[in-house]
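A short worksheet on the structure shown next.
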Amino acid sequence: MRAVDIFIQQILNGLSIASVITLIAVGVTLIFGLTGIINFAHGEFLMIGGIVTWLAVSAGLSFPLAVVLAILAVGLMGYVLERGIFRFTLERPTNGFIVSLGLIVVLQHVVVLFWNPNQKSIPRPLTTVWDVGGVRIASVRVMVILITVAVVALSFRMITTSRYGRALRASVEDRDTAALMGIPVRRYITGVFVLGSALAGLGGALLIALFPITPFIGGTMVMKGFAVALIGGLGNIYGAVAAGLILGIVEGFSAGYGFSQWTDAYSFVLMILVLLFRPHGLFGGTSGPRMAS
Amino acid sequence: MSPILEIRGLSKQFGGVAALAGVDLAVEEGEILGVVGPNGSGKTTLFNVVTGVHRPNAGSVSFRGRDITGSAPHAISRAGIGYTFQQAMAFAGLSMLENVQIAGEHVRAGANANTPWPTPQALLDFVGLTALADEKAGVLPFGSLRLLGLALALATQPALLLLDEPAAGLNDRETTALVGLVRQLPGHGITVCVIDHDMKLMQMLCRRLAVLDFGSKIADGPTEAVLADPKVLEVYLGGDL
Amino acid sequence: MSEGSTPQGKHPTHSVAPALRSLVPVLVVLTLIALVPLLSPSNRFLSLAISAGINVIALYGLSVLFGQTGILSMGHAALVGVGAYTAAILARDFGVGFWLALPVAALTSAVFAMIVGIPSLRVGGHHFVIMTFAFGQLLAIVLTNGGDYTGAATGLDMVGPVNLFGADMGDLTRYYLMVVAFVAVAAVASWAIINSSYGRTLRAIRENEKLAASLGINVGRHKIGAFVVSGVFAGISGVLLANFLGHISPTQFASFPSIYLALMVMIGGARLITGPLAGGILVAFLPEVLNLDPVQSRIVYGVCLIAVILLLPDGLIAGIAAFVRKVFTAKSKERQRQENGVVSNPSEARR
């Protein structure tokens with residue numbers, strides 16, 4: 001195989017994983033932008049999306065149906081957790097963060113309790129491998145990338161053009177003023193939690209289509225999600241997507257050239273460097289909602 | 001005698017909007033100077049630039065002949081400039097006494113280093129809060145919080161005290177008490193600069209006023225003369241005061 | 001103290017007595033714990049207690065950082081790891097023993113804390129906690145990729161016995177007593193910090209950074225200082241851990257152990273001197289007491305943490321104390337009411 005073929009293939013691999021990370025990053029960045037809560041349990045939301053997909057496929061359902069189930073289940077979970085727990089931490093976002101640490105532990109081990117800590121995998125939903133002039137392209141990776149692009153584009157459209165999106169952006173900009181203008185900010189917070197969770201559910205479903213997962217996959221994934229969100233500028237969705245793209249290329253590059261054992265380090269190093277020189281990220285972000293402190 | 005604080009050509013822009021457009025101002029030792037102006041005239045920006053919260057785009061601030069432009073907030077305090085904020089604040093979880101003790105613990109060769117300085121208790125006594133010394137600052141009513149803020153600033157042994165809207169939110173009785181306290185300060189070797197838009201308060205406190213409007217100084221002189229200045233009248237009659 | 005007697009802001013350390021009183025419960029509990037070997041406990045109990053004690057030492061560092069300064073770190077286990085690896089590498093390459101390893105590891109962890117702290121605090125605010133998390137993960141990755149030097153994923157064996165005045169501390173009971181002594185030192189050190197003017201400065205930063213800066217406090221430097229102090233505690237905890245376990249590996253010091261440390265200190269209550277002790281003991285022994293397997297106990301910890309944060313934001317101990325106070329005052333009020341009732345309503349009293 002020619003070097004350029006390996007290169008293209010690795011970039012594709014990198015981008016497919018980066019797609020999943022971008023789905024997380026969009027979720028955490030939206031939730032942070034509106035509530036100031038750093039929700040570390042978002043990685044566990046993703047993991048549960050993967051587990052639901054695994055359960056559904058194991059029960060004989062088709063992959064597309066399993067994806068829908070994962071999105072619905074994790075979206076519902078986001079709703080329940082926001083209404084039941086995070087709502088009470090809105091005045092002190094630090095508490096929201098700490099609560100999310102507790103949730104990580106609970107969600108992980110509830111999954112382990114019921115379905116053991118071992119790796120779980122599903123048969124690849126798409127097995128075709130295209131050969132394009134010597135470059136082998138796995139269709140499942142292309143599927144993951146295309147679904148992500150479509151979903152993220154749709155979310156963008158919603159946020160940039162719809163009435164609700166405008167109100168949402170106004171709320172991210174200044175929660176109190178938005179509330180004064182009659183925007184039901186509380187309801188938007190719930191909505192964003194549900195949307196973010198649903199994206200994580202989708203991410204989990206796509207992830208298990210690529211790789212086997214364990215109940216402990218969430219930590220690394222959420223950390224990368226936050227790295228991407230911070231590199232792009234926390235609260236800035238465009239930034240998150242752009243940074244996801246950058247990370248995908250960097251990770252793919254490194255795997256293709258024999259540094260795969262360092263792959264997990266790049267996102268963190270990149271994040272630390274970016275934050276040192278541009279504390280608000282490459283594309284500018286918010287520092288969270290203004291608190292009445 | 002050279003002024004204790006000298007501001008020259010101070011400019012500060014926020015995204016193309018000039019909050020300060022080349023302000024010159026001198027605070028003379030031992031006076032109580034008032035800086036007035038309607039909302040948005042640049043008063044708080046001036047305060048923030050002098051206290052090191054914002055870096056100016058141009059101009060300089062010197063304190064007792066030393067250039068302090070762009071110094072960090074804590075360095076400004078250590079140089080001998082005490083300041084209180086528009087929003088009254090204290091360390092809510094700590095007792096009043098602890099609050100004042102902390103304020104006195106980070107003094108570095110301050111302006112008044114050679115003079116004996118009142119103890120934290122004496123400072124609480126000065127602002128009339130001795131009875132509440134062991135209460136947590138978080139439970140204080142607003143008026144007492146302002147007085148505590150004054151005690152905190154005084155504990156840093158300032159030679160110059162900057163007060164940003166010190167009477168905001170106070171009732172008439174509390175304002176009178178505050179005015180009584182501030183008036184005593186020059187007698188203890190502390191120069192005062194008050195930033196406010198409340199003309200009644202300024203008339204009670206200051207013999208000299210400087211007026212800001214749209215980031216520029218439009219008047220500076222004895223209080224009566226400034227208040228009779230047609231330019232000032234126009235700003236204030238047209239303004240939201 | 002009379003007016004004008006202390007010109008340079010040097011305040012006598014007043015009210016030492018009530019401050020000392022806060023230390024008493026900790027010392028009493030530790031004394032009782034030190035007497036436990038008289039009951040000839042099982043090895044399992046001793047091992048659990050030793051791990052708990054080693055955690056508690058690290059938790060005292062975390063309580064200075066989080067409880068006093070208000071800085072939340074998700075990289076504390078990484079600092080413990082720096083201490084543990086320092087001890088193991090020193091022992092392997094230079095034959096350095098336990099007692100010399102202690103100060104060296106404390107220093108190494110402190111330096112590492114500074115290296116992490118300076119950029120993390122520069123970023124500041126909400127991002128800080130994510131930075132510390134990332135540094136923790138990075139450390140685990142570096143240790144895993146460190147080849148023979150760090151033992152890669154399998155980690156390192158700790159060689160060499162621990163001696164104290166010629167006595168071998170390898171014996172479980174002796175090691176237990178030594179760890180209890182270290183916990184006592186950590187508690188007293190943490191108490192001394194809390195009750196010094198330095199501790200007061202840290203609390204001022206926790207309460208209001210802007211105001212603190214206006215009073216001449218160099219906020220950035222003190223925050224890094226608190227981070228370094230927490231590193232010293234973590235480093236010592238790491239040396240004890242490496243010597244106790246005899247083998248260390250990267251996953252022990254990644255971000256999940258850090259989460260558990262944060263969880264312990266918050267369940268106990270980060271601001272109180274009793275908090276770290278209570279949190280460390282509770283988390284270690286709760287599964288034993290309730291007869292839970294590790295998975296179930298993790299779920300219980302998580303639920304506990306969420307419940308504590310939502311219901312008792314000052315931690316379990318402070319929450320219990322407040323509850324006891326409330327019950328007590330309610331009772332005394334009731335008694336008062338009854339007594340009053342007796343006086344004002346003699347007919348009922350006669351019945």
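Just so we're on the same page: first chain in the structure tokens is A, next is B, and so on; residues restart at 1 for each chain, and ligands are numbered from 1 in the order they show up.
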Enumerate, in order of chain and increasing residue number, the residues of chain B with an atom no farther than 12 Å from chain A, each with its shortest atom pair and distance in Å to one decimal, counting only C-alpha atoms, as a tab-separated table.
```
residue	atom	partner	partner_atom	distance
B:Gln87	CA	A:Ser293	CA	10.2
B:Ala88	CA	A:Ser293	CA	11.4
B:Met89	CA	A:Ser293	CA	9.8
B:Ala90	CA	A:Ser293	CA	11.6
B:Phe91	CA	A:Ser293	CA	11.9
B:Ala92	CA	A:Ser293	CA	11.1
```
Residues just named, written with N, CA and C atoms as an mmCIF file, in the first residue's frame:
```
data_model
loop_
_atom_site.group_PDB
_atom_site.id
_atom_site.type_symbol
_atom_site.label_atom_id
_atom_site.label_comp_id
_atom_site.auth_asym_id
_atom_site.auth_seq_id
_atom_site.Cartn_x
_atom_site.Cartn_y
_atom_site.Cartn_z
ATOM 1 N N GLN B 87 -20.592 47.546 44.192
ATOM 2 C CA GLN B 87 -21.385 46.519 44.858
ATOM 3 C C GLN B 87 -20.713 46.256 46.204
ATOM 4 N N ALA B 88 -21.448 46.532 47.293
ATOM 5 C CA ALA B 88 -20.855 46.283 48.605
ATOM 6 C C ALA B 88 -20.515 44.812 48.699
ATOM 7 N N MET B 89 -19.296 44.484 49.097
ATOM 8 C CA MET B 89 -18.959 43.069 49.260
ATOM 9 C C MET B 89 -18.064 42.838 50.452
ATOM 10 N N ALA B 90 -18.154 41.615 50.957
ATOM 11 C CA ALA B 90 -17.318 41.198 52.073
ATOM 12 C C ALA B 90 -17.110 39.703 51.930
ATOM 13 N N PHE B 91 -16.241 39.129 52.767
ATOM 14 C CA PHE B 91 -16.071 37.681 52.759
ATOM 15 C C PHE B 91 -17.206 37.088 53.580
ATOM 16 N N ALA B 92 -18.262 36.677 52.864
ATOM 17 C CA ALA B 92 -19.533 36.380 53.523
ATOM 18 C C ALA B 92 -19.419 35.290 54.581
#
```
Open item on the list: Show me, as a PyMOL selection string, the residues of chain A whose atoms get within 9 Å of chain C, using only C-alpha atoms for the distance check.
Closed with: chain A and resi 36-38+85+88-89+94-96+98-110+112-113+219-220+223+226-227+230+234+261-262+264-265+267-269+271-272+275-276+278-280+287-288
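The protein and nucleic acid residues lying at most 9 Å from A:Val57 are Val52, Ser62, Phe63, Leu65, Ala66, Ile122 and Pro123 of chain A, with only C-alpha atoms considered and sequence neighbours fewer than 5 positions away removed.
With only C-alpha atoms taken into account, the protein and nucleic acid residues at most 8 Å from B:Val49 (excluding it and anything under 6 positions from it in its own chain) are Arg55, Pro56 and Gly70 of chain B.
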Chain B residues within 10 Å of chain C, counting only C-alpha atoms: which ones, as a short mmCIF file (atom, residue, chain, number, x, y, z; two decimals) with C-alpha atoms, in the first residue's frame?
```
data_model
loop_
_atom_site.label_atom_id
_atom_site.label_comp_id
_atom_site.auth_asym_id
_atom_site.auth_seq_id
_atom_site.Cartn_x
_atom_site.Cartn_y
_atom_site.Cartn_z
CA THR B 51 -7.39 50.07 40.37
CA GLY B 52 -5.87 47.78 37.78
CA VAL B 53 -8.96 45.88 36.65
CA ALA B 72 -2.34 44.37 39.14
CA PRO B 73 -5.19 45.11 41.55
CA HIS B 74 -3.32 43.71 44.55
CA ALA B 75 -0.22 45.72 43.70
CA ILE B 76 -2.31 48.90 43.55
CA SER B 77 -3.62 48.17 47.00
CA ARG B 78 -0.14 47.51 48.34
CA ALA B 79 1.16 50.72 46.82
CA GLY B 80 -1.18 52.58 49.18
CA ILE B 81 -4.42 53.04 47.27
CA GLY B 82 -7.41 51.60 49.09
CA TYR B 83 -10.67 51.15 47.23
CA THR B 84 -14.24 50.04 47.76
CA PHE B 85 -16.54 48.65 45.12
CA ALA B 88 -20.86 46.28 48.61
CA MET B 89 -18.96 43.07 49.26
CA ALA B 90 -17.32 41.20 52.07
CA PHE B 91 -16.07 37.68 52.76
CA ALA B 92 -19.53 36.38 53.52
CA GLY B 93 -18.50 33.16 55.23
CA LEU B 94 -16.06 34.82 57.64
CA GLU B 98 -11.73 38.11 60.44
CA ASN B 99 -12.69 40.23 57.45
CA VAL B 100 -10.84 43.25 58.80
CA GLN B 101 -7.92 41.15 60.03
CA ILE B 102 -7.40 39.76 56.54
CA ALA B 103 -7.50 43.25 55.11
CA GLY B 104 -4.68 44.32 57.40
CA GLU B 105 -2.44 41.36 56.79
CA HIS B 106 -1.20 42.14 53.33
CA VAL B 107 0.04 45.66 53.78
CA ARG B 108 3.48 46.26 52.26
CA ALA B 109 5.37 49.36 53.17
CA GLY B 110 2.15 51.23 52.54
CA ASN B 112 1.24 55.18 56.05
CA ALA B 113 3.65 52.51 57.18
CA ASN B 114 5.35 54.77 59.68
CA THR B 115 2.23 55.92 61.45
CA PRO B 116 0.74 53.61 64.02
CA TRP B 117 -2.38 52.12 62.50
CA PRO B 118 -5.61 51.26 64.32
CA THR B 119 -6.19 47.62 65.15
CA PRO B 120 -8.97 45.68 63.38
CA GLN B 121 -11.13 46.16 66.46
CA ALA B 122 -10.47 49.88 66.43
CA LEU B 123 -11.45 50.04 62.76
CA GLY B 149 -16.30 47.66 53.15
CA LEU B 152 -11.69 46.79 55.00
CA ALA B 153 -10.29 49.45 52.69
CA LEU B 154 -9.01 51.46 55.65
CA ALA B 155 -7.27 48.40 57.10
CA THR B 156 -4.98 48.31 54.04
CA GLN B 157 -3.38 51.53 55.37
#
```
Could you give me, as a short mmCIF file (atom, residue, chain, number, x, y, z; two decimals) with N, CA and C atoms, in the first residue's frame, the residues within 7 Å of A:Ala138, counting only C-alpha atoms and dropping anything in the same chain fewer than 5 positions from it?
```cif
data_model
loop_
_atom_site.label_atom_id
_atom_site.label_comp_id
_atom_site.auth_asym_id
_atom_site.auth_seq_id
_atom_site.Cartn_x
_atom_site.Cartn_y
_atom_site.Cartn_z
N THR A 128 -19.60 -3.47 3.97
CA THR A 128 -18.96 -3.19 2.69
C THR A 128 -17.66 -2.41 2.87
N VAL A 129 -16.64 -2.80 2.18
CA VAL A 129 -15.42 -2.01 2.15
C VAL A 129 -15.16 -1.64 0.70
N TRP A 130 -15.19 -0.33 0.43
CA TRP A 130 -14.95 0.10 -0.94
C TRP A 130 -13.46 0.15 -1.22
#
```
- [ ] If you run DSSP over the backbone, which residues in stretch 56-290 of chain A end up strand (DSSP E or B)? Put them as a VMD selection string.
- [x] chain A and resid 120 129 to 132 135 to 138 213
Would you write out those residues with C-alpha atoms, as an mmCIF file, in the first residue's frame?
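Saved to selection-v9.cif:
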```
data_model
loop_
_atom_site.group_PDB
_atom_site.id
_atom_site.type_symbol
_atom_site.label_atom_id
_atom_site.label_comp_id
_atom_site.auth_asym_id
_atom_site.auth_seq_id
_atom_site.Cartn_x
_atom_site.Cartn_y
_atom_site.Cartn_z
ATOM 1 C CA LYS A 120 -19.660 -5.363 24.294
ATOM 2 C CA VAL A 129 -15.418 -2.007 2.153
ATOM 3 C CA TRP A 130 -14.949 0.102 -0.937
ATOM 4 C CA ASP A 131 -11.739 -0.027 -2.853
ATOM 5 C CA VAL A 132 -11.193 3.399 -4.394
ATOM 6 C CA VAL A 135 -7.606 3.063 -0.796
ATOM 7 C CA ARG A 136 -9.790 0.796 1.306
ATOM 8 C CA ILE A 137 -12.737 2.678 2.723
ATOM 9 C CA ALA A 138 -14.980 1.040 5.289
ATOM 10 C CA ILE A 213 -17.108 -0.642 24.172
#
```
Open item on the list: Can you measure atom CA of B:Arg207 to atom CA of B:Val182 for me? One decimal in Å is fine.
Closed with: 13.2 Å
Open item on the list: Which residues are near C:Gly238? Cut-off 9 Å, only C-alpha atoms, ignore same chain within fewer than 4 positions. Put them as a ChimeraX atom specification.
Closed with: /C:54,58,77,79-87,102,105-106,233-234,242-243
Task: Nearest to C:Phe253 by atom-to-atom distance, counting only C-alpha atoms, from C:Gly61, C:Pro161, C:Gly269, C:Gly155 - done: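 Looking at the shortest contact to C:Phe253, the residue is C:Gly155.
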Task: Atom-to-atom span, atom CA of A:Phe283 and atom CA of A:Gly14, Å - done: 21.7 Å
TODO: Please identify all polymer residues within 6 Å of B:Ile190, counting only C-alpha atoms, omitting same-chain residues fewer than 3 positions from it, and present them as a ChimeraX atom specification.
DONE: /B:159-160,185-186
Open item on the list: So that I can check the secondary structure, give me every residue of stretch 7-149 of chain B assigned helix (DSSP H, G or I) by backbone DSSP, as a PyMOL selection string.
Closed with: chain B and resi 43-50+73-79+96-104+120-126+130-132+137-139+142-149
- [ ] Compare C:Ile273, C:Ala284, C:Val56, C:Leu48 by their minimum atom-to-atom distance to C:Val26, counting only C-alpha atoms, and give me the closest one.
- [x] C:Ile273
TODO: Grab the atom CA of A:Ser162 to atom CA of A:Thr22 distance for me, in Å with one decimal place.
DONE: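 Computing the Euclidean distance for atom CA of A:Ser162 and atom CA of A:Thr22 yields 22.1 Å.
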Task: Nearest to B:Asp134 by atom-to-atom distance, counting only C-alpha atoms, from B:Met96, B:Asn57, B:Gly16, B:Leu170 - done: B:Met96
